[in-house]
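Inspection log for the structure reproduced underneath, given as structure tokens.
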Amino acid sequence: MSIMLHIKRVTSQVPSSIRGSLHNDSLRMRVLSLMAASLVGLLFAHSPSFANVPADDLVADDGRVLNYQPIPLARPDAAISYGGVLVDIEKPKKRPTIAEAFGASTATLTEMVAKETASRATSESVFALKSGETLSKIFDRAGFSRATGAQISRLFAKRVNVRRLQIGMAFTIAYDKDKAPIGLHFKDKENFDHYIVYDEAQSWFAFRTVRPEERYLVYASGVIDGTIYEAVDKQNVPYAALDEFVRVLGFSVDFQREIRKGDAFELLYERRIDKLTGEDLGSGTLHYAGLRLSGDAMSFFRYESDDNVVGWYDKDGQSAVRTLMRTPINGARMSSKYGMRRHPVTGYNAMHRGVDFAAPRGTPIIAAGSGVVEKASWFGNYGRYVRIRHTGRYSTAYAHMTRIAEGVTPGARVRQGQVIGYVGSTGRSTGAHLHYEVLVNNKQVNPLTVKLPSGESLEGPELVDFVEVVSRVETEVVSRGQVLFALSEQ
Ligand SMILES: [Zn+2]
């Protein structure tokens, strides 16, 4: 795996020492802009982020696939915001970064017009796409002639799916001193800025740039008092990272029965900040997930192989993935309100051959493992019921659903983690909950204790690479004065 890591070692010092210690201007600018970005980042750190994780790969105009760096920059050390000294920079570069391939955005359209054309803009206006409005209408509203509007629409359609324009999409238009439009700018979801500008020599032409961003790792930890979701959420962890945390640990942990007061979690995730606006782009990519249950510690590390397959492994390179998940429910929707205190959550016994997960009605239920649907219909006391046959001798069953998901019909293949239905209280049930059964050779067994085969482990050069990732995570965590769960109990 090729890892590109920029490490900035920052130690706390008085701000005035920064200038003296840096010997070139570009380096100094880099530190100062880093400080500024971090300051803004801190201000915005509390806005929860629900942004989608961007695709790891982006395709350039010429069809080349470009990769984001798989592991982000170093940390958002609070010291940076009140001054720090850069003592070490490493920049291994194996492939061009996106910013190098496309060039960087500017803060304003006017600056870009000045940079890329001989024209000069003297004013800018923003136009938002209204409901039912076409491109030609909005360009007309912005003051383009019909012919120019058509020309720009053609350039626009080459870059953006015109049928999927969002109401409210903002177009910035730049005007010259005669109030004639000479530039247009819009943003897409992938963090690209698109420009269509006028130059006397070239007429109208289009290009895109990358918004410069700061990527860094954030460490969060805490003690659980209630549910794991509430505990992690309290640390302002972006939803994408929380979701991944729960998914990864969901293979090994039954979140409703195995978590006790005083158990602790820790995780390392990534944040991205738009350096031009300070906006939190919050990808939330999770790199490390740790949980310490009474006595028992488990830690998993994200590893991306050379062919861009992401997997999760313990420190020895053993896969976190099990054939079945312990918690076959979108755990993030569970809350302590629905936990043991309010609703009797039943364990496995001779009379009750499954476990119950109490959760609000409508909470997505996911397939504990990949397999083929055997039954998906009303089934007596079980109410709406789905049973899936997995590889080998395993089946799983899910009961009392309010609704079975579309496409989940006998004979259909389902993937592990796919939503197969929604929590309800159909059949013989006293409240909204999922009744979950694991069957071995068609006999119910205790889902809490059944031994589940695990996925593959890493070997050879990949294992060597992976050990490197583990030690990097360890360094990040230790640098924050913490001890990694994975290493604390040996
Ligand atoms: Zn039950």
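Here, A, B, ... name the chains of the structure tokens in the order displayed, residue numbers run from 1 inside each chain, and ligands are numbered from 1 in the same displayed order.
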Please identify every residue of chain A that has at least one atom no farther than 10 Å from an atom of ligand 1, counting only C-alpha atoms and all ligand atoms, and for each give the shortest atom pair and the distance in Å to one decimal, arranged by chain then increasing number, as a tab-separated table.
```
residue	atom	partner	partner_atom_place_in_ligand_line	distance
A:Pro344	CA	ligand 1	1 (Zn)	9.9
A:Val345	CA	ligand 1	1 (Zn)	8.0
A:Thr346	CA	ligand 1	1 (Zn)	6.3
A:Gly347	CA	ligand 1	1 (Zn)	7.9
A:Tyr348	CA	ligand 1	1 (Zn)	8.4
A:Met351	CA	ligand 1	1 (Zn)	9.8
A:His352	CA	ligand 1	1 (Zn)	6.3
A:Arg353	CA	ligand 1	1 (Zn)	7.4
A:Gly354	CA	ligand 1	1 (Zn)	5.7
A:Val355	CA	ligand 1	1 (Zn)	5.4
A:Asp356	CA	ligand 1	1 (Zn)	4.7
A:Phe357	CA	ligand 1	1 (Zn)	8.2
A:Ala358	CA	ligand 1	1 (Zn)	9.7
A:Tyr382	CA	ligand 1	1 (Zn)	8.8
A:Tyr398	CA	ligand 1	1 (Zn)	9.5
A:Ala399	CA	ligand 1	1 (Zn)	8.0
A:His400	CA	ligand 1	1 (Zn)	8.9
A:Arg428	CA	ligand 1	1 (Zn)	9.5
A:Ser429	CA	ligand 1	1 (Zn)	8.1
A:Thr430	CA	ligand 1	1 (Zn)	9.9
A:His433	CA	ligand 1	1 (Zn)	8.0
A:Leu434	CA	ligand 1	1 (Zn)	7.1
A:His435	CA	ligand 1	1 (Zn)	4.2
A:Tyr436	CA	ligand 1	1 (Zn)	6.8
A:Glu437	CA	ligand 1	1 (Zn)	8.4
```
Using only C-alpha atoms, please write the residues we just selected to a file, as a PDB file, in the first residue's frame.
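Written out: again.pdb:
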```
ATOM      1  CA  PRO A 344     -37.364  -5.784  28.962  1.00  0.00           C
ATOM      2  CA  VAL A 345     -34.619  -6.869  26.632  1.00  0.00           C
ATOM      3  CA  THR A 346     -34.516 -10.598  26.718  1.00  0.00           C
ATOM      4  CA  GLY A 347     -31.543 -12.879  26.527  1.00  0.00           C
ATOM      5  CA  TYR A 348     -31.352 -16.415  25.261  1.00  0.00           C
ATOM      6  CA  MET A 351     -38.140 -20.592  26.338  1.00  0.00           C
ATOM      7  CA  HIS A 352     -36.866 -17.675  24.359  1.00  0.00           C
ATOM      8  CA  ARG A 353     -34.562 -18.886  21.650  1.00  0.00           C
ATOM      9  CA  GLY A 354     -33.187 -15.601  20.440  1.00  0.00           C
ATOM     10  CA  VAL A 355     -32.128 -12.172  21.659  1.00  0.00           C
ATOM     11  CA  ASP A 356     -34.136  -8.981  21.518  1.00  0.00           C
ATOM     12  CA  PHE A 357     -32.844  -5.583  20.504  1.00  0.00           C
ATOM     13  CA  ALA A 358     -35.083  -2.771  21.672  1.00  0.00           C
ATOM     14  CA  TYR A 382     -43.133 -13.794  14.833  1.00  0.00           C
ATOM     15  CA  TYR A 398     -35.472 -11.500  12.240  1.00  0.00           C
ATOM     16  CA  ALA A 399     -38.977 -11.049  13.669  1.00  0.00           C
ATOM     17  CA  HIS A 400     -41.697  -8.486  14.513  1.00  0.00           C
ATOM     18  CA  ARG A 428     -46.803 -11.500  19.552  1.00  0.00           C
ATOM     19  CA  SER A 429     -44.809  -8.569  20.795  1.00  0.00           C
ATOM     20  CA  THR A 430     -45.107  -6.103  23.660  1.00  0.00           C
ATOM     21  CA  HIS A 433     -38.020  -4.501  19.129  1.00  0.00           C
ATOM     22  CA  LEU A 434     -36.090  -6.870  16.902  1.00  0.00           C
ATOM     23  CA  HIS A 435     -36.185 -10.528  17.852  1.00  0.00           C
ATOM     24  CA  TYR A 436     -33.024 -12.066  16.419  1.00  0.00           C
ATOM     25  CA  GLU A 437     -32.178 -15.749  16.101  1.00  0.00           C
TER      26      GLU A 437
END
```
Subject >> Spatial neighbours of A:Ile173, 8 Å, only C-alpha atoms, chain gap at least 5 places, as a count of residues only >> reply: 11
**OP:** Quick one: everything within 8 Å of A:Asn442, counting only C-alpha atoms, minus sequence neighbours fewer than 5 positions away in the same chain. Send it as a PyMOL selection string.
**Re:** chain A and resi 393-395
**OP:** Would you kindly return, as a ChimeraX atom specification, each protein, DNA or RNA residue with an atom no farther than 10 Å from any atom of A:Val450, considering only C-alpha atoms and excluding same-chain residues fewer than 5 positions away?
**Re:** /A:326,438-440,445
